[in-house]
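A.B. asks: Below is a structure I'd like to ask you about.
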Amino acid sequence: MEISSLEESRREAIFQARVDAEEKIEPKDWMPEAYRKNLIRQISQHGHSEVVGQLPEGNWITRAPTLRRKAVLLAKVQDEAGHGLYLYSATETLGIAREELMEQLLTGKAKYASIFNYPTLSWADVGAIGWLVDGAAIVNQISLCRTSYGPYARAMVRICKEESFHMRQGYEIMTVLARGSQEQKAMAQDALNRWWWPTLMMFGPHDADSAHSGSSMKWKIKRQSNDELRQKFVDQSVAQAQHLNLKIPDEKLKWNDERGHYDFGEIDWDEFTAVLGGAGPCNHERLEARRIAHEQGDWVRDAMFAHAEKQRQRDVRKTA
Ligand code: BYC
């Protein structure tokens, strides 16, 4: 073995020992290149999901049924933008520029959560997104609060606190609809029917088919597997649906005494693959909306950079 690869192995062993001892890895610490790349991929895609995730619900801000609902929804969507910013900042600590992250999103190189490629057809969809999509996000993100990379773990703590408000506002919308008129109840059931399966897809492919899980679990980037988290979500959702008196659209959903969990039906993986490949109902619309927003925000970025440069020159003059 060459000296440099011996040194590399020694560093990797020290790194793994730190991870195993539950020490947080910080931006200036040595880390394997593959760990850095995997984190950039996951955290930036997580950030893109928050940013693109504003669009489906944003669609209902102008049509929220009351002023109170409008104010709450506006605040929620704004929170998602904030989550995107924390996550982009966490990604930048790994040595990649924001411009490059944006380019990866806008050229379709980086993914974002498949769920946001589905349309929001009725007001009940806003309730279903809060209840199910934010609910699924919390299950995943609570686990990520213990991720090995410090800046990601710290961002998760704050994001989870905000997501729990989001879930409650969604569940409250569903409660009001489910206890309302026949039409309102039917609207709530229809939203549950359409969002249930795409929400289960949020947890990713089965563990056996998950390309990144092996290294992500070893490095404690991920603390629980895709299937474990999906099961947790199904288990918690059943009682919530019963309380609403709504039916989860899965004939195979059944309590299994032996496993101590609910059994449930198989996801349509062809649909998942199609949506990831760009053929979901709203893929084109979502990316187009982001491209337009990016172009229209050009003057804001120019103004901010110009201001920062002016400030820098002023500071140089002061210290001269
Ligand atoms: N959608 O090896 P795997 C929110 C990709 S937003 C799209 O298992 P990994 C909210 C995966 O990227 C919260 N792509 O991957 C916002 C990989 O492709 P690449 C979003 C998916 O990373 C607004 C390939 O499939 N949360 O809360 O080990 C309003 C193989 O998968 C999906 C996060 O982003 C998917 N569903 O595990 C309301 C959580 N699933 O990258 C709410 C952070 C898989 O090789 N992310 N892929 O091209 C994670 O925990 C993990 O990245 C995943 C996937 C569990 C999602």
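Here, A, B, ... name the chains of the structure tokens in the order displayed, residue numbers run from 1 inside each chain, and ligands are numbered from 1 in the same displayed order.
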Could I get the residue neighbourhood of ligand 1 at 7 Å, counting only C-alpha atoms and all ligand atoms, as a count of residues only?
C.D. replies: 38
A.B. asks: Please provide as a list in words all residues within 8 Å of Ala191 in chain A, with the sequence filter that same-chain residues fewer than 2 positions apart are discarded (counting only C-alpha atoms).
C.D. replies: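 So the residues in contact are Ser122, Ala124, Asp125, Ala128, Met187, Ala188, Gln189, Asn193, Arg194 and Trp195 of chain A.
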A.B. asks: With distances taken over only C-alpha atoms, which residue among A:Ser164, A:Ser143, A:Gln78, A:Thr199 lies nearest Leu229 in chain A?
C.D. replies: A:Ser143
A.B. asks: To one decimal in Å, tell me the separation between CA of Gly277 in chain A and CA of His48 in chain A.
C.D. replies: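 Going from CA of Gly277 in chain A over to CA of His48 in chain A covers 16.2 Å.
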A.B. asks: So which residues of range 120-212 of chain A fall under alpha helix (DSSP H) by DSSP, listed as a PyMOL selection string?
C.D. replies: chain A and resi 123-128+134-144+150-178+182-201
A.B. asks: So the first atom is CA of Arg18 in chain A and the second is CA of His83 in chain A; what is the distance between them in Å, to one decimal place?
C.D. replies: 28.0 Å
A.B. asks: Please compute the CA of Arg290 in chain A-CA of Ala71 in chain A distance, one decimal, in Å.
C.D. replies: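 That distance, rounded to one decimal, is 23.2 Å.
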A.B. asks: Write out as a PyMOL selection string the residues lying within 10 Å of Ile159 in chain A, counting only C-alpha atoms and excluding same-chain residues fewer than 3 positions away.
C.D. replies: chain A and resi 79-80+82-84+86-87+137-138+141-142+145+153-156+162-164
A.B. asks: Once you have the residues from the selection above, write them out as a PDB file, in the first residue's frame, restricted to N, CA and C atoms.
C.D. replies:
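Output file again_38.pdb is given in full below:
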```
ATOM      1  N   ASP A  79     -42.747  29.351   6.004  1.00  0.00           N
ATOM      2  CA  ASP A  79     -41.873  28.471   6.800  1.00  0.00           C
ATOM      3  C   ASP A  79     -41.104  27.513   5.883  1.00  0.00           C
ATOM      4  N   GLU A  80     -41.796  26.981   4.857  1.00  0.00           N
ATOM      5  CA  GLU A  80     -41.132  26.011   3.966  1.00  0.00           C
ATOM      6  C   GLU A  80     -39.961  26.683   3.243  1.00  0.00           C
ATOM      7  N   GLY A  82     -38.214  29.080   4.437  1.00  0.00           N
ATOM      8  CA  GLY A  82     -37.169  29.176   5.462  1.00  0.00           C
ATOM      9  C   GLY A  82     -36.421  27.855   5.622  1.00  0.00           C
ATOM     10  N   HIS A  83     -37.163  26.756   5.611  1.00  0.00           N
ATOM     11  CA  HIS A  83     -36.512  25.438   5.750  1.00  0.00           C
ATOM     12  C   HIS A  83     -35.532  25.222   4.591  1.00  0.00           C
ATOM     13  N   GLY A  84     -35.980  25.620   3.390  1.00  0.00           N
ATOM     14  CA  GLY A  84     -35.097  25.495   2.226  1.00  0.00           C
ATOM     15  C   GLY A  84     -33.809  26.269   2.464  1.00  0.00           C
ATOM     16  N   TYR A  86     -32.389  27.136   5.403  1.00  0.00           N
ATOM     17  CA  TYR A  86     -31.487  26.514   6.394  1.00  0.00           C
ATOM     18  C   TYR A  86     -30.719  25.378   5.718  1.00  0.00           C
ATOM     19  N   LEU A  87     -31.448  24.614   4.901  1.00  0.00           N
ATOM     20  CA  LEU A  87     -30.833  23.420   4.301  1.00  0.00           C
ATOM     21  C   LEU A  87     -29.811  23.790   3.238  1.00  0.00           C
ATOM     22  N   ALA A 137     -43.026  13.819   6.704  1.00  0.00           N
ATOM     23  CA  ALA A 137     -41.755  14.547   6.791  1.00  0.00           C
ATOM     24  C   ALA A 137     -41.243  14.537   8.232  1.00  0.00           C
ATOM     25  N   ILE A 138     -42.162  14.687   9.207  1.00  0.00           N
ATOM     26  CA  ILE A 138     -41.724  14.703  10.617  1.00  0.00           C
ATOM     27  C   ILE A 138     -41.130  13.341  11.009  1.00  0.00           C
ATOM     28  N   GLN A 141     -37.791  13.274   9.608  1.00  0.00           N
ATOM     29  CA  GLN A 141     -36.871  14.307  10.093  1.00  0.00           C
ATOM     30  C   GLN A 141     -36.542  14.174  11.580  1.00  0.00           C
ATOM     31  N   ILE A 142     -37.461  13.590  12.354  1.00  0.00           N
ATOM     32  CA  ILE A 142     -37.145  13.349  13.781  1.00  0.00           C
ATOM     33  C   ILE A 142     -35.922  12.434  13.828  1.00  0.00           C
ATOM     34  N   CYS A 145     -32.713  14.218  13.095  1.00  0.00           N
ATOM     35  CA  CYS A 145     -32.159  15.103  14.144  1.00  0.00           C
ATOM     36  C   CYS A 145     -30.893  14.470  14.735  1.00  0.00           C
ATOM     37  N   ALA A 153     -28.025  18.145  11.383  1.00  0.00           N
ATOM     38  CA  ALA A 153     -28.761  17.745  12.594  1.00  0.00           C
ATOM     39  C   ALA A 153     -29.391  18.974  13.263  1.00  0.00           C
ATOM     40  N   ARG A 154     -28.632  20.060  13.337  1.00  0.00           N
ATOM     41  CA  ARG A 154     -29.153  21.255  14.024  1.00  0.00           C
ATOM     42  C   ARG A 154     -30.293  21.891  13.231  1.00  0.00           C
ATOM     43  N   ALA A 155     -30.172  21.887  11.899  1.00  0.00           N
ATOM     44  CA  ALA A 155     -31.267  22.430  11.071  1.00  0.00           C
ATOM     45  C   ALA A 155     -32.536  21.604  11.289  1.00  0.00           C
ATOM     46  N   MET A 156     -32.358  20.286  11.435  1.00  0.00           N
ATOM     47  CA  MET A 156     -33.511  19.394  11.595  1.00  0.00           C
ATOM     48  C   MET A 156     -34.305  19.675  12.865  1.00  0.00           C
ATOM     49  N   GLU A 162     -41.199  23.373  13.619  1.00  0.00           N
ATOM     50  CA  GLU A 162     -42.142  24.078  12.751  1.00  0.00           C
ATOM     51  C   GLU A 162     -43.064  23.096  12.031  1.00  0.00           C
ATOM     52  N   GLU A 163     -42.498  21.954  11.627  1.00  0.00           N
ATOM     53  CA  GLU A 163     -43.333  20.967  10.909  1.00  0.00           C
ATOM     54  C   GLU A 163     -44.469  20.450  11.794  1.00  0.00           C
ATOM     55  N   SER A 164     -44.241  20.413  13.116  1.00  0.00           N
ATOM     56  CA  SER A 164     -45.298  19.856  13.945  1.00  0.00           C
ATOM     57  C   SER A 164     -46.509  20.813  13.970  1.00  0.00           C
TER      58      SER A 164
END
```
A.B. asks: Can you list, as a PyMOL selection string, every protein, DNA or RNA residue that comes within 12 Å of Ala289 in chain A when you count only C-alpha atoms, leaving out same-chain residues fewer than 2 positions away?
C.D. replies: chain A and resi 51-56+58-59+105-106+282-287+291-296
A.B. asks: Using C-alpha atoms, can you export the residues from the last selection as an mmCIF file, in the first residue's frame?
C.D. replies:
```
data_model
loop_
_atom_site.group_PDB
_atom_site.id
_atom_site.type_symbol
_atom_site.label_atom_id
_atom_site.label_comp_id
_atom_site.auth_asym_id
_atom_site.auth_seq_id
_atom_site.Cartn_x
_atom_site.Cartn_y
_atom_site.Cartn_z
ATOM 1 C CA VAL A 51 -38.617 25.060 -1.888
ATOM 2 C CA VAL A 52 -40.600 23.223 -4.590
ATOM 3 C CA GLY A 53 -42.966 22.073 -1.825
ATOM 4 C CA GLN A 54 -44.253 25.639 -1.510
ATOM 5 C CA LEU A 55 -45.919 25.399 -4.918
ATOM 6 C CA PRO A 56 -48.790 22.902 -4.428
ATOM 7 C CA GLY A 58 -49.191 28.110 -2.627
ATOM 8 C CA ASN A 59 -51.804 27.376 -5.277
ATOM 9 C CA LEU A 105 -32.294 21.847 -9.497
ATOM 10 C CA LEU A 106 -33.198 23.919 -12.538
ATOM 11 C CA CYS A 282 -46.932 18.299 -12.451
ATOM 12 C CA ASN A 283 -43.156 17.766 -12.967
ATOM 13 C CA HIS A 284 -42.965 20.176 -15.883
ATOM 14 C CA GLU A 285 -45.127 22.819 -14.194
ATOM 15 C CA ARG A 286 -43.123 22.710 -10.942
ATOM 16 C CA LEU A 287 -39.717 23.141 -12.570
ATOM 17 C CA ARG A 291 -37.177 28.643 -13.394
ATOM 18 C CA ILE A 292 -39.422 31.680 -13.784
ATOM 19 C CA ALA A 293 -39.028 32.601 -10.096
ATOM 20 C CA HIS A 294 -35.238 32.280 -10.431
ATOM 21 C CA GLU A 295 -35.116 34.499 -13.536
ATOM 22 C CA GLN A 296 -37.410 37.093 -11.998
#
```
A.B. asks: Please determine, counting only C-alpha atoms, which residue among A:Arg317, A:Met174, A:Glu26, A:Leu6 has the shortest atom-to-atom distance to Ala241 in chain A.
C.D. replies: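 Once distances to Ala241 in chain A are computed over only C-alpha atoms, the minimum belongs to A:Met174.
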A.B. asks: Please provide the set of residues having any atom within 9 Å of Gln231 in chain A, restricted to only C-alpha atoms, with same-chain residues fewer than 6 positions apart removed, written as number ranges by chain.
C.D. replies: A: 261-264
A.B. asks: Using C-alpha atoms, can you write the selected residues to a file as an mmCIF file, in the first residue's frame?
C.D. replies:
```
data_model
loop_
_atom_site.group_PDB
_atom_site.id
_atom_site.type_symbol
_atom_site.label_atom_id
_atom_site.label_comp_id
_atom_site.auth_asym_id
_atom_site.auth_seq_id
_atom_site.Cartn_x
_atom_site.Cartn_y
_atom_site.Cartn_z
ATOM 1 C CA HIS A 261 -47.478 -3.404 13.231
ATOM 2 C CA TYR A 262 -50.015 -2.849 10.471
ATOM 3 C CA ASP A 263 -49.552 -4.844 7.272
ATOM 4 C CA PHE A 264 -50.233 -2.770 4.189
#
```
A.B. asks: What's around Phe233 in chain A at 9 Å? Count only C-alpha atoms, leave out sequence neighbours fewer than 5 positions away in its own chain, and write the answer as a ChimeraX atom specification.
C.D. replies: /A:132,135-136,139-140,200,228,238
A.B. asks: Could you write out that same residue set with all heavy atoms as a PDB file, in the first residue's frame?
C.D. replies:
```pdb
ATOM      1  N   LEU A 132     -50.751  14.514   6.134  1.00  0.00           N
ATOM      2  CA  LEU A 132     -49.981  13.347   5.669  1.00  0.00           C
ATOM      3  C   LEU A 132     -48.549  13.703   5.260  1.00  0.00           C
ATOM      4  O   LEU A 132     -47.591  13.066   5.719  1.00  0.00           O
ATOM      5  CB  LEU A 132     -50.700  12.700   4.481  1.00  0.00           C
ATOM      6  CG  LEU A 132     -52.119  12.184   4.762  1.00  0.00           C
ATOM      7  CD1 LEU A 132     -52.797  11.742   3.474  1.00  0.00           C
ATOM      8  CD2 LEU A 132     -52.090  11.031   5.765  1.00  0.00           C
ATOM      9  N   GLY A 135     -46.751  15.170   8.071  1.00  0.00           N
ATOM     10  CA  GLY A 135     -46.660  14.073   9.042  1.00  0.00           C
ATOM     11  C   GLY A 135     -45.547  13.103   8.662  1.00  0.00           C
ATOM     12  O   GLY A 135     -44.747  12.690   9.506  1.00  0.00           O
ATOM     13  N   ALA A 136     -45.475  12.756   7.387  1.00  0.00           N
ATOM     14  CA  ALA A 136     -44.415  11.847   6.914  1.00  0.00           C
ATOM     15  C   ALA A 136     -43.050  12.516   7.041  1.00  0.00           C
ATOM     16  O   ALA A 136     -42.064  11.892   7.446  1.00  0.00           O
ATOM     17  CB  ALA A 136     -44.675  11.458   5.461  1.00  0.00           C
ATOM     18  N   VAL A 139     -41.819  12.265  10.610  1.00  0.00           N
ATOM     19  CA  VAL A 139     -41.314  10.926  10.968  1.00  0.00           C
ATOM     20  C   VAL A 139     -39.877  10.777  10.460  1.00  0.00           C
ATOM     21  O   VAL A 139     -38.971  10.336  11.175  1.00  0.00           O
ATOM     22  CB  VAL A 139     -42.228   9.823  10.363  1.00  0.00           C
ATOM     23  CG1 VAL A 139     -41.576   8.457  10.477  1.00  0.00           C
ATOM     24  CG2 VAL A 139     -43.582   9.820  11.064  1.00  0.00           C
ATOM     25  N   ASN A 140     -39.649  11.206   9.228  1.00  0.00           N
ATOM     26  CA  ASN A 140     -38.313  11.110   8.626  1.00  0.00           C
ATOM     27  C   ASN A 140     -37.324  12.065   9.322  1.00  0.00           C
ATOM     28  O   ASN A 140     -36.186  11.700   9.628  1.00  0.00           O
ATOM     29  CB  ASN A 140     -38.471  11.447   7.132  1.00  0.00           C
ATOM     30  CG  ASN A 140     -37.173  11.649   6.406  1.00  0.00           C
ATOM     31  OD1 ASN A 140     -36.547  12.682   6.559  1.00  0.00           O
ATOM     32  ND2 ASN A 140     -36.763  10.671   5.625  1.00  0.00           N
ATOM     33  N   LEU A 200     -46.730   7.583   0.931  1.00  0.00           N
ATOM     34  CA  LEU A 200     -45.902   6.418   1.292  1.00  0.00           C
ATOM     35  C   LEU A 200     -44.630   6.361   0.432  1.00  0.00           C
ATOM     36  O   LEU A 200     -43.590   5.858   0.867  1.00  0.00           O
ATOM     37  CB  LEU A 200     -46.692   5.113   1.143  1.00  0.00           C
ATOM     38  CG  LEU A 200     -47.879   4.906   2.086  1.00  0.00           C
ATOM     39  CD1 LEU A 200     -48.334   3.446   2.037  1.00  0.00           C
ATOM     40  CD2 LEU A 200     -47.553   5.284   3.519  1.00  0.00           C
ATOM     41  N   GLU A 228     -38.420   1.094   7.588  1.00  0.00           N
ATOM     42  CA  GLU A 228     -38.741   1.279   9.027  1.00  0.00           C
ATOM     43  C   GLU A 228     -39.562   2.552   9.228  1.00  0.00           C
ATOM     44  O   GLU A 228     -40.546   2.569   9.958  1.00  0.00           O
ATOM     45  CB  GLU A 228     -37.456   1.407   9.844  1.00  0.00           C
ATOM     46  CG  GLU A 228     -36.799   0.101  10.202  1.00  0.00           C
ATOM     47  CD  GLU A 228     -35.417   0.303  10.831  1.00  0.00           C
ATOM     48  OE1 GLU A 228     -34.751   1.316  10.574  1.00  0.00           O
ATOM     49  OE2 GLU A 228     -35.001  -0.575  11.567  1.00  0.00           O
ATOM     50  N   VAL A 238     -53.108   5.273  11.044  1.00  0.00           N
ATOM     51  CA  VAL A 238     -54.371   4.527  11.081  1.00  0.00           C
ATOM     52  C   VAL A 238     -55.320   5.114  12.128  1.00  0.00           C
ATOM     53  O   VAL A 238     -56.481   5.416  11.829  1.00  0.00           O
ATOM     54  CB  VAL A 238     -54.105   3.023  11.333  1.00  0.00           C
ATOM     55  CG1 VAL A 238     -55.423   2.276  11.517  1.00  0.00           C
ATOM     56  CG2 VAL A 238     -53.335   2.417  10.162  1.00  0.00           C
TER      57      VAL A 238
END
```
A.B. asks: At a cut-off of 12 Å, using only C-alpha atoms, what residues contact Glu23 in chain A? Leave out same-chain residues fewer than 4 positions from it and give the result as a list in words.
C.D. replies: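 After dropping sequence-adjacent residues, the list is Ile14, Phe15, Gln16, Ala17, Arg18, Val19, Asp29, Arg146, Thr147, Ser148, Tyr149, Gly150, Ala153, Trp219 and Lys220 of chain A.
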